[in-house]
>>> print(open('work.csv').read())   # CSV, C-alpha atoms and all ligand atoms
chain,number,residue,atom,x,y,z
V,291,MET,CA,-23.4,49.3,-26.9
V,292,THR,CA,-21.0,47.1,-25.0
V,293,ARG,CA,-18.7,45.0,-27.1
V,294,PRO,CA,-18.4,41.3,-26.3
V,295,ARG,CA,-15.3,40.7,-24.1
V,296,PRO,CA,-12.5,39.0,-25.8
V,297,LEU,CA,-12.4,35.2,-25.3
V,298,ILE,CA,-8.7,34.9,-24.9
V,299,PRO,CA,-8.3,36.6,-21.5
V,300,ALA,CA,-11.2,34.5,-20.2
V,301,LEU,CA,-9.4,31.3,-21.4
V,302,ALA,CA,-6.2,32.6,-19.9
V,303,VAL,CA,-7.9,33.0,-16.5
V,304,VAL,CA,-9.3,29.5,-16.7
V,305,ALA,CA,-5.8,28.1,-17.7
V,306,ILE,CA,-4.1,30.0,-14.8
V,307,CYS,CA,-6.7,28.6,-12.4
V,308,ALA,CA,-6.3,25.1,-13.7
V,309,ALA,CA,-2.5,25.4,-13.4
V,310,LEU,CA,-2.8,26.7,-9.8
V,311,PHE,CA,-5.1,23.9,-9.0
V,312,LEU,CA,-2.8,21.3,-10.5
V,313,ALA,CA,0.2,22.9,-8.7
V,314,ALA,CA,-1.7,22.7,-5.4
V,315,ALA,CA,-2.6,19.1,-6.1
V,316,ARG,CA,1.1,18.2,-6.8
V,317,ALA,CA,2.5,20.2,-3.9
V,318,PRO,CA,3.8,17.9,-1.2
V,319,ARG,CA,1.8,17.9,2.0
V,320,PRO,CA,4.0,16.9,5.0
V,321,ASP,CA,1.0,15.6,7.0
V,322,HIS,CA,-0.9,13.8,4.3
V,323,VAL,CA,-1.0,10.0,4.5
V,324,THR,CA,-2.4,7.6,1.8
V,325,ARG,CA,-2.9,4.0,2.6
V,326,GLU,CA,-4.0,1.1,0.4
V,327,THR,CA,-4.2,-2.6,1.0
V,328,LEU,CA,-4.0,-5.4,-1.5
V,329,TYR,CA,-4.3,-9.2,-1.2
V,330,VAL,CA,-1.5,-10.7,-3.3
V,331,PHE,CA,1.2,-13.4,-2.8
V,332,GLY,CA,-1.0,-15.1,-0.2
V,333,THR,CA,-0.8,-12.1,2.2
V,334,LEU,CA,-2.1,-8.6,2.7
V,335,VAL,CA,0.2,-6.0,1.2
V,336,GLU,CA,-0.1,-2.6,2.9
V,337,MET,CA,1.2,0.5,1.1
V,338,GLU,CA,1.5,3.8,2.9
V,339,ILE,CA,2.7,7.0,1.3
V,340,ARG,CA,3.4,10.1,3.3
V,341,GLY,CA,3.8,13.8,2.4
V,342,GLU,CA,2.4,13.7,-1.1
V,343,SER,CA,-0.8,15.3,-2.5
V,344,PRO,CA,-3.7,12.9,-2.4
V,345,ALA,CA,-4.0,12.9,-6.2
V,346,ARG,CA,-0.4,11.9,-6.6
V,347,ALA,CA,-0.3,9.4,-3.8
V,348,GLU,CA,-3.5,7.7,-5.0
V,349,ALA,CA,-2.1,7.5,-8.6
V,350,ALA,CA,1.1,5.9,-7.2
V,351,THR,CA,-0.8,3.3,-5.1
V,352,ALA,CA,-3.1,2.5,-8.0
V,353,ALA,CA,0.0,1.9,-10.2
V,354,LEU,CA,1.6,-0.3,-7.5
V,355,GLY,CA,-1.6,-2.3,-7.2
V,356,ARG,CA,-1.6,-3.0,-10.9
V,357,LEU,CA,2.1,-4.0,-10.8
V,358,LEU,CA,1.8,-6.3,-7.8
V,359,GLN,CA,-1.4,-8.0,-9.2
V,360,ALA,CA,0.3,-8.6,-12.5
V,361,LEU,CA,3.4,-10.1,-10.8
V,362,HIS,CA,1.1,-12.2,-8.6
V,363,ASP,CA,-0.6,-13.6,-11.7
V,364,ASP,CA,2.5,-14.2,-13.7
V,365,TRP,CA,4.5,-15.9,-10.9
V,366,HIS,CA,1.7,-18.0,-9.3
V,367,ALA,CA,3.0,-21.4,-8.5
V,368,TRP,CA,-0.2,-23.4,-9.0
V,369,ARG,CA,-2.7,-21.3,-10.9
V,370,PRO,CA,-2.5,-21.0,-14.7
V,371,GLY,CA,-0.1,-18.2,-15.8
V,372,ALA,CA,3.4,-17.5,-17.1
V,373,LEU,CA,5.2,-19.6,-14.5
V,374,GLY,CA,2.7,-22.5,-15.0
V,375,ASP,CA,3.4,-22.4,-18.7
V,376,LEU,CA,7.1,-22.6,-18.0
V,377,ASN,CA,6.7,-25.4,-15.6
V,378,ALA,CA,4.7,-27.4,-18.1
V,379,ALA,CA,7.3,-26.7,-20.8
V,380,ILE,CA,10.1,-27.9,-18.4
V,381,ALA,CA,8.1,-31.1,-17.6
V,382,ARG,CA,7.9,-31.8,-21.4
V,383,GLY,CA,11.6,-31.2,-21.8
V,384,GLU,CA,11.1,-28.1,-23.9
V,385,ALA,CA,12.5,-24.6,-23.9
V,386,LEU,CA,10.2,-21.6,-23.6
V,387,THR,CA,10.6,-17.9,-24.3
V,388,VAL,CA,9.4,-16.0,-21.3
V,389,ASP,CA,9.0,-12.2,-20.7
V,390,PRO,CA,12.3,-10.4,-19.8
V,391,GLY,CA,11.0,-9.7,-16.2
V,392,LEU,CA,10.5,-13.4,-15.5
V,393,ALA,CA,13.9,-14.3,-17.0
V,394,GLU,CA,15.5,-11.7,-14.8
V,395,VAL,CA,13.8,-13.1,-11.7
V,396,LEU,CA,14.9,-16.6,-12.5
V,397,ARG,CA,18.5,-15.4,-12.9
V,398,THR,CA,18.3,-13.7,-9.5
V,399,GLY,CA,16.8,-16.9,-8.0
V,400,ARG,CA,19.5,-19.1,-9.5
V,401,ARG,CA,22.2,-16.8,-8.2
V,402,LEU,CA,20.7,-16.7,-4.7
V,403,SER,CA,20.2,-20.4,-4.7
V,404,CYS,CA,23.8,-21.0,-5.7
V,405,ASP,CA,25.0,-18.6,-2.9
V,406,SER,CA,22.9,-20.5,-0.4
V,407,GLY,CA,24.5,-23.8,-1.4
V,408,GLY,CA,21.1,-25.0,-2.6
V,409,LEU,CA,19.3,-24.5,0.8
V,410,PHE,CA,17.1,-21.9,-0.9
V,411,ASP,CA,16.0,-23.6,-4.1
V,412,PRO,CA,12.9,-22.4,-6.0
V,413,ALA,CA,13.2,-25.5,-8.2
V,414,ILE,CA,11.6,-27.7,-5.5
V,415,GLY,CA,8.1,-26.8,-6.4
V,416,GLY,CA,7.2,-30.5,-6.9
V,417,LEU,CA,8.2,-31.1,-3.2
V,418,ILE,CA,6.3,-28.1,-2.0
V,419,GLY,CA,3.2,-29.3,-3.9
V,420,LEU,CA,3.6,-32.8,-2.5
V,421,TRP,CA,3.4,-31.4,1.0
V,422,GLY,CA,0.1,-29.7,0.1
V,423,PHE,CA,1.2,-26.1,0.1
V,424,HIS,CA,0.0,-25.5,-3.5
V,425,ALA,CA,-3.4,-24.4,-2.2
V,426,ASP,CA,-4.9,-21.2,-0.8
V,427,THR,CA,-5.8,-22.9,2.5
V,428,ALA,CA,-3.7,-24.9,4.9
V,429,PRO,CA,-3.1,-28.5,3.8
V,430,THR,CA,-5.2,-31.3,5.3
V,431,GLY,CA,-4.8,-35.0,5.2
V,432,ALA,CA,-1.8,-37.2,5.7
V,433,PRO,CA,1.7,-36.0,5.0
V,434,PRO,CA,3.4,-37.5,1.9
V,435,THR,CA,4.9,-40.9,2.3
V,436,ARG,CA,8.7,-41.5,2.5
V,437,GLY,CA,8.5,-43.2,-0.9
V,438,ASP,CA,6.9,-40.0,-2.5
V,439,ILE,CA,9.6,-37.9,-0.9
V,440,ALA,CA,12.4,-40.2,-1.9
V,441,ALA,CA,11.2,-40.2,-5.5
V,442,HIS,CA,11.6,-36.4,-5.6
V,443,LEU,CA,15.0,-36.4,-3.9
V,444,ASP,CA,16.2,-39.0,-6.5
V,445,ALA,CA,15.2,-36.7,-9.3
V,446,ARG,CA,17.3,-34.0,-7.7
V,447,PRO,CA,15.7,-30.9,-9.2
V,448,ARG,CA,17.7,-27.8,-8.6
V,449,MET,CA,17.9,-24.2,-9.7
V,450,THR,CA,21.3,-24.7,-11.3
V,451,ASP,CA,19.6,-27.1,-13.8
V,452,LEU,CA,18.0,-24.1,-15.3
V,453,ARG,CA,19.5,-22.6,-18.5
V,454,ILE,CA,18.5,-19.0,-19.1
V,455,GLU,CA,19.7,-17.6,-22.5
V,456,GLY,CA,18.3,-14.2,-22.9
V,457,THR,CA,14.6,-14.9,-22.5
V,458,VAL,CA,14.8,-18.5,-23.5
V,459,VAL,CA,14.5,-20.8,-20.5
V,460,SER,CA,15.0,-24.6,-20.3
V,461,SER,CA,16.0,-27.1,-17.8
V,462,SER,CA,18.5,-30.0,-18.1
V,463,ASN,CA,16.2,-31.8,-15.5
V,464,PRO,CA,12.5,-32.2,-16.2
V,465,ALA,CA,11.8,-32.7,-12.5
V,466,VAL,CA,12.5,-28.9,-12.0
V,467,GLN,CA,9.2,-27.2,-11.0
V,468,LEU,CA,9.5,-23.6,-10.2
V,469,ASP,CA,7.9,-22.1,-7.0
V,470,LEU,CA,9.0,-18.5,-6.4
V,471,GLY,CA,7.3,-18.3,-3.0
V,472,GLY,CA,10.5,-18.1,-1.1
V,473,PHE,CA,11.6,-14.8,-2.6
V,474,ALA,CA,8.7,-13.5,-4.8
V,475,LYS,CA,7.6,-11.0,-2.2
V,476,GLY,CA,11.1,-9.6,-2.0
V,477,VAL,CA,11.5,-9.2,-5.7
V,478,ALA,CA,8.0,-7.7,-6.0
V,479,LEU,CA,8.5,-5.2,-3.2
V,480,ASP,CA,11.9,-4.2,-4.7
V,481,LEU,CA,10.3,-3.5,-8.1
V,482,ALA,CA,7.4,-1.6,-6.4
V,483,ALA,CA,9.8,0.5,-4.3
V,484,ALA,CA,11.8,1.3,-7.5
V,485,GLU,CA,8.6,2.3,-9.3
V,486,LEU,CA,7.7,4.6,-6.4
V,487,ARG,CA,11.1,6.3,-6.4
V,488,ALA,CA,11.0,6.7,-10.2
V,489,SER,CA,7.7,8.5,-9.8
V,490,GLY,CA,9.2,10.9,-7.3
V,491,ILE,CA,7.6,9.5,-4.1
V,492,ALA,CA,10.0,10.3,-1.2
V,493,ASN,CA,8.4,8.6,1.8
V,494,ALA,CA,6.6,5.2,1.7
V,495,VAL,CA,6.4,1.8,3.3
V,496,LEU,CA,5.4,-1.4,1.7
V,497,ASN,CA,4.5,-4.2,4.1
V,498,ALA,CA,3.7,-7.7,2.9
V,499,GLY,CA,2.7,-9.5,6.1
V,500,GLY,CA,5.8,-8.4,8.0
V,501,ASP,CA,8.2,-8.3,5.0
V,502,VAL,CA,8.9,-4.6,4.6
V,503,ASN,CA,10.6,-2.1,2.2
V,504,VAL,CA,10.9,1.5,3.2
V,505,ILE,CA,11.6,4.8,1.4
V,506,GLY,CA,12.4,8.0,3.3
V,507,THR,CA,10.9,8.6,6.7
V,508,HIS,CA,7.6,8.5,8.6
V,509,GLY,CA,7.3,12.3,9.1
V,510,LYS,CA,10.1,13.4,11.4
V,511,ARG,CA,11.0,9.9,12.6
V,512,PRO,CA,12.2,6.8,10.8
V,513,TRP,CA,9.9,4.0,9.8
V,514,ARG,CA,9.8,1.6,12.7
V,515,VAL,CA,9.0,-2.0,12.0
V,516,ALA,CA,8.2,-4.8,14.5
V,517,ILE,CA,9.4,-8.4,14.4
V,518,ARG,CA,6.6,-10.7,15.4
V,519,ASP,CA,6.8,-13.1,18.3
V,520,PRO,CA,6.4,-16.6,16.8
V,521,PHE,CA,5.0,-18.0,20.1
V,522,VAL,CA,2.6,-15.4,21.4
V,523,TRP,CA,0.6,-12.5,20.0
V,524,GLY,CA,3.0,-9.4,20.0
V,525,ALA,CA,6.5,-8.4,18.9
V,526,VAL,CA,9.9,-9.6,20.0
V,527,ALA,CA,11.7,-6.6,18.8
V,528,ALA,CA,11.5,-3.5,16.5
V,529,VAL,CA,13.9,-1.9,14.1
V,530,SER,CA,14.0,1.7,12.9
V,531,LEU,CA,14.7,1.4,9.2
V,532,ARG,CA,16.7,3.8,7.1
V,533,SER,CA,15.6,4.9,3.6
V,534,GLY,CA,16.2,2.0,1.2
V,535,GLU,CA,16.4,-0.7,3.9
V,536,VAL,CA,14.3,-3.8,4.1
V,537,LEU,CA,13.4,-6.2,6.9
V,538,TYR,CA,12.2,-9.7,6.0
V,539,THR,CA,11.0,-12.5,8.3
V,540,SER,CA,10.4,-16.1,7.4
V,541,GLY,CA,8.7,-18.2,10.0
V,542,ASN,CA,7.0,-21.5,10.3
V,543,TYR,CA,4.3,-20.1,12.5
V,544,GLU,CA,1.9,-18.8,9.9
V,545,ARG,CA,1.7,-21.3,7.1
V,546,TYR,CA,2.0,-24.8,8.3
V,547,PHE,CA,0.4,-28.2,8.2
V,548,GLU,CA,-0.7,-30.2,11.2
V,549,ASP,CA,-1.0,-33.9,11.4
V,550,GLN,CA,-1.7,-35.8,14.6
V,551,GLY,CA,-0.4,-33.0,16.7
V,552,GLU,CA,2.7,-32.5,14.6
V,553,ARG,CA,3.4,-29.3,12.8
V,554,PHE,CA,5.0,-29.2,9.4
V,555,ALA,CA,6.3,-25.8,8.2
V,556,HIS,CA,6.0,-24.5,4.7
V,557,ILE,CA,9.8,-24.2,4.4
V,558,ILE,CA,11.2,-27.4,3.1
V,559,ASP,CA,14.8,-28.7,3.4
V,560,PRO,CA,15.7,-29.6,-0.2
V,561,ARG,CA,18.3,-32.1,1.2
V,562,THR,CA,15.8,-34.2,3.1
V,563,GLY,CA,12.5,-33.3,1.6
V,564,TYR,CA,11.1,-32.6,5.0
V,565,PRO,CA,9.9,-29.3,6.5
V,566,VAL,CA,12.3,-27.4,8.8
V,567,ARG,CA,11.9,-27.6,12.5
V,568,GLU,CA,14.5,-26.1,14.8
V,569,ILE,CA,14.4,-22.5,13.7
V,570,VAL,CA,10.9,-21.0,13.9
V,571,SER,CA,11.7,-17.4,12.8
V,572,VAL,CA,14.5,-15.7,10.8
V,573,SER,CA,14.7,-12.0,10.3
V,574,VAL,CA,17.1,-10.3,7.9
V,575,LEU,CA,17.8,-6.6,7.7
V,576,ASP,CA,19.3,-5.6,4.3
V,577,THR,CA,19.0,-3.2,1.4
V,578,ASP,CA,17.8,-5.9,-1.1
V,579,GLY,CA,14.4,-7.4,-0.6
V,580,ALA,CA,15.0,-10.4,-2.9
V,581,ARG,CA,18.2,-11.3,-1.1
V,582,ALA,CA,16.7,-10.8,2.4
V,583,ASP,CA,13.7,-12.9,1.5
V,584,ALA,CA,15.7,-15.7,0.0
V,585,ALA,CA,18.2,-15.6,2.9
V,586,ALA,CA,15.5,-15.7,5.5
V,587,THR,CA,14.2,-19.0,3.9
V,588,ALA,CA,17.7,-20.4,3.5
V,589,LEU,CA,18.8,-19.7,7.1
V,590,ALA,CA,15.7,-21.5,8.4
V,591,VAL,CA,16.7,-24.5,6.4
V,592,ALA,CA,20.4,-24.2,7.5
V,593,GLY,CA,19.4,-24.7,11.1
V,594,PRO,CA,20.9,-23.5,14.4
V,595,THR,CA,24.4,-24.8,13.8
V,596,ASP,CA,24.9,-23.7,10.2
V,597,TRP,CA,22.9,-20.5,9.6
V,598,ALA,CA,25.8,-18.1,10.3
V,599,ARG,CA,27.9,-19.6,7.6
V,600,VAL,CA,25.0,-19.5,5.1
V,601,ALA,CA,24.3,-15.8,6.0
V,602,SER,CA,27.9,-15.0,5.2
V,603,ALA,CA,27.8,-16.9,1.9
V,604,MET,CA,24.6,-15.0,0.9
V,605,GLY,CA,26.1,-11.6,1.8
V,606,VAL,CA,23.7,-10.7,4.6
V,607,SER,CA,25.0,-9.4,7.9
V,608,ALA,CA,22.1,-8.4,10.1
V,609,VAL,CA,20.1,-11.5,11.2
V,610,LEU,CA,17.9,-12.4,14.2
V,611,ILE,CA,17.1,-16.1,14.7
V,612,ILE,CA,14.5,-17.6,17.1
V,613,THR,CA,14.7,-21.3,17.8
V,614,GLU,CA,11.9,-23.7,18.6
V,615,ASP,CA,13.0,-23.6,22.2
V,616,GLY,CA,12.6,-19.8,22.3
V,617,ARG,CA,16.3,-18.8,22.2
V,618,LEU,CA,17.1,-15.5,20.4
V,619,VAL,CA,20.4,-15.2,18.5
V,620,ALA,CA,21.5,-12.1,16.7
V,621,THR,CA,24.5,-11.1,14.6
V,622,PRO,CA,26.4,-8.1,15.9
V,623,ALA,CA,25.0,-6.0,12.9
V,624,MET,CA,21.5,-6.9,13.9
V,625,MET,CA,22.2,-6.4,17.7
V,626,ASP,CA,23.2,-2.8,16.8
V,627,ARG,CA,19.8,-2.1,15.3
V,628,ILE,CA,17.1,-4.0,17.3
V,629,GLU,CA,15.2,-2.4,20.1
V,630,PRO,CA,12.8,-4.1,22.5
V,631,ALA,CA,9.3,-3.7,21.1
V,632,GLY,CA,7.9,-3.1,24.6
V,633,GLN,CA,9.8,-3.0,28.0
V,634,ASP,CA,12.4,-5.6,27.1
V,635,PHE,CA,13.3,-8.4,24.8
V,636,PRO,CA,11.3,-11.6,25.7
V,637,GLY,CA,14.6,-13.2,26.8
V,638,PRO,CA,18.4,-12.8,26.6
V,639,VAL,CA,19.7,-12.2,23.0
V,640,ALA,CA,22.9,-14.2,22.3
V,641,ILE,CA,25.3,-12.7,19.9
V,642,MET,CA,26.7,-14.8,17.0
V,643,PRO,CA,29.5,-13.2,14.9
V,644,LEU,CA,29.5,-14.2,11.2
V,645,PRO,CA,32.4,-16.2,9.8
V,646,PRO,CA,34.3,-14.2,7.1
V,647,GLN,CA,34.1,-16.6,4.1
V,648,GLY,CA,31.8,-14.6,1.9
V,649,ARG,CA,30.0,-15.6,-1.3
V,650,PRO,CA,31.0,-18.9,-2.9
V,651,PRO,CA,32.8,-18.7,-6.3
V,652,GLY,CA,31.0,-19.5,-9.5
V,653,CYS,CA,27.5,-18.3,-8.6
V,654,ASP,CA,27.3,-15.4,-11.0
V,655,GLY,CA,26.8,-17.3,-14.3
V,701,LIG,P1,7.0,-16.4,4.3
V,701,LIG,O1,6.1,-16.6,3.1
V,701,LIG,O2,6.4,-16.8,5.6
V,701,LIG,O3,7.7,-15.1,4.3
V,701,LIG,P2,9.3,-17.7,3.1
V,701,LIG,O4,9.8,-16.4,2.5
V,701,LIG,O5,10.3,-18.6,3.7
V,701,LIG,O6,8.1,-17.5,4.2
V,701,LIG,O7,8.6,-18.5,1.9
V,701,LIG,C1,8.1,-19.8,2.1
V,701,LIG,C2,7.7,-20.3,0.7
V,701,LIG,O8,8.9,-20.5,0.0
V,701,LIG,C3,6.9,-21.6,0.7
V,701,LIG,O9,5.6,-21.5,0.8
V,701,LIG,C4,7.4,-22.2,-0.6
V,701,LIG,O10,6.6,-21.7,-1.6
V,701,LIG,C5,8.8,-21.7,-0.8
V,701,LIG,N1,9.8,-22.6,-0.2
V,701,LIG,C6,9.7,-23.5,0.8
V,701,LIG,N2,10.9,-24.1,1.0
V,701,LIG,C7,11.8,-23.5,0.2
V,701,LIG,C8,13.2,-23.7,-0.1
V,701,LIG,N3,14.0,-24.5,0.6
V,701,LIG,N4,13.8,-22.9,-1.1
V,701,LIG,C9,13.0,-22.0,-1.8
V,701,LIG,N5,11.7,-21.8,-1.6
V,701,LIG,C10,11.1,-22.6,-0.6
V,702,MG,MG,11.7,-16.0,2.1
>>> encode(input="work.csv", output="structure tokens")
Amino acid sequence: MTRPRPLIPALAVVAICAALFLAAARAPRPDHVTRETLYVFGTLVEMEIRGESPARAEAATAALGRLLQALHDDWHAWRPGALGDLNAAIARGEALTVDPGLAEVLRTGRRLSCDSGGLFDPAIGGLIGLWGFHADTAPTGAPPTRGDIAAHLDARPRMTDLRIEGTVVSSSNPAVQLDLGGFAKGVALDLAAAELRASGIANAVLNAGGDVNVIGTHGKRPWRVAIRDPFVWGAVAAVSLRSGEVLYTSGNYERYFEDQGERFAHIIDPRTGYPVREIVSVSVLDTDGARADAAATALAVAGPTDWARVASAMGVSAVLIITEDGRLVATPAMMDRIEPAGQDFPGPVAIMPLPPQGRPPGCDG
């Protein structure tokens, strides 16, 4: 008679097999690529992870998807959500307790706005809505009247009106209406990249419609990112990014409003209440997505004669500007890094050194 075989060794074999399977699933695979796309912040966000096991990479992209979708909902400028609640409280002249993440983003926004001398100002949501950009589709109809715009300018909403004490937010000016569109993608991709790093992902790219954060490399070579040509289909230049670098571009060629043949960009000059014109594209290479995003918006507002000063004040050094008449201007730090995307640049690239003044005092509070 044969005795039944003990159960323990059988279980041990199963456990060893399971451990081996899990180890195989976790082992990095140099050639493996996982891609995922998500529609948030009014654009397609592409995530690509290289060199991880499929199980691990898919878990990471799923977690990022949840993170980005939650931020999109919380920070939406015109749909109901956490930011909408705060805007309603501000309009009523009341303080509101927000979640720590939103309080931190507002602190960052206030500092960046202060550094930019108010050219980047997420408190001008009322003006952005007035121009019709608080909608999923391009605005139609007539532009706002001079009177409407003057009323907003008279109310002078600005980010420095915000008081943020811990997580309690209020505004000394009820005309403040927050719209984080000028830097939300940067903040969100910075958080997403940090989450990837924390979960041990070594090589990834996050691309929100040309605003890009990278980690590690693309196999044996660096991640190479193109800067779109604002006038024709194609790229004006490309940059090979190092791990931890970001490249952000603000332009008035994607979201705009057309009336009687005239184009109105979705970047508004808080000083005049009118959309910017002379600069059609600003690219900023940096290591901080929030700052790069805000600076790209601010430099478009600053215009061709003042952008270098504002770049220096915001602490960014690598900038490429394209003006409405097609001129390309780069700072020396950007010139060192850009390569033609094809045979050559579309035209000569003028070099503009940055003035040395640095960040203005009193912007850290
Ligand atoms: P893109 O979305 O093309 O990358 P931006 O980063 O410049 O461009 O963001 C444009 C958005 O920023 C607008 O849709 C609006 O929500 C907001 N915005 C417009 N003008 C300003 C400004 N002067 N300061 C801060 N935010 C702005
Ligand atoms: Mg921006």
>>> residues_around(input="work.csv", residues="region 454-457 of chain V", least_positions_apart="4", cutoff="9 Å", atoms="all atoms listed in the file", output="PyMOL selection string")
chain V and resi 386-394+396-397+461
>>> closest_residue(input="work.csv", among="V:Ala582, V:Ala465, V:Ile569, V:Leu417", to="Ile380 (chain V)", atoms="all atoms listed in the file")
V:Ala465
>>> axis_aligned_box(input="work.csv", around="ligand LIG 701 (chain V)", padding_each_side="5 Å", output="AutoDock Vina command-line options")
--center_x 9.8 --center_y -19.8 --center_z 1.9 --size_x 18.4 --size_y 19.4 --size_z 17.4
>>> residues_near_ligand(input="work.csv", ligand="ligand LIG 701 (chain V)", cutoff="8 Å", atoms="only C-alpha atoms and all ligand atoms", output="ChimeraX atom specification")
/V:332,367,403,408-415,418,423-424,469-475,499-501,538-545,556-560,565,583-584,586-588,590-591
>>> closest_residue(input="work.csv", among="V:Asn463, V:Ser489, V:Asn377, V:Thr430", to="Ala445 (chain V)", atoms="all atoms listed in the file")
V:Asn463
>>> closest_residue(input="work.csv", among="V:Glu552, V:Ser573, V:Val459, V:Leu452", to="ligand MG 702 (chain V)", atoms="only C-alpha atoms and all ligand atoms")
V:Ser573
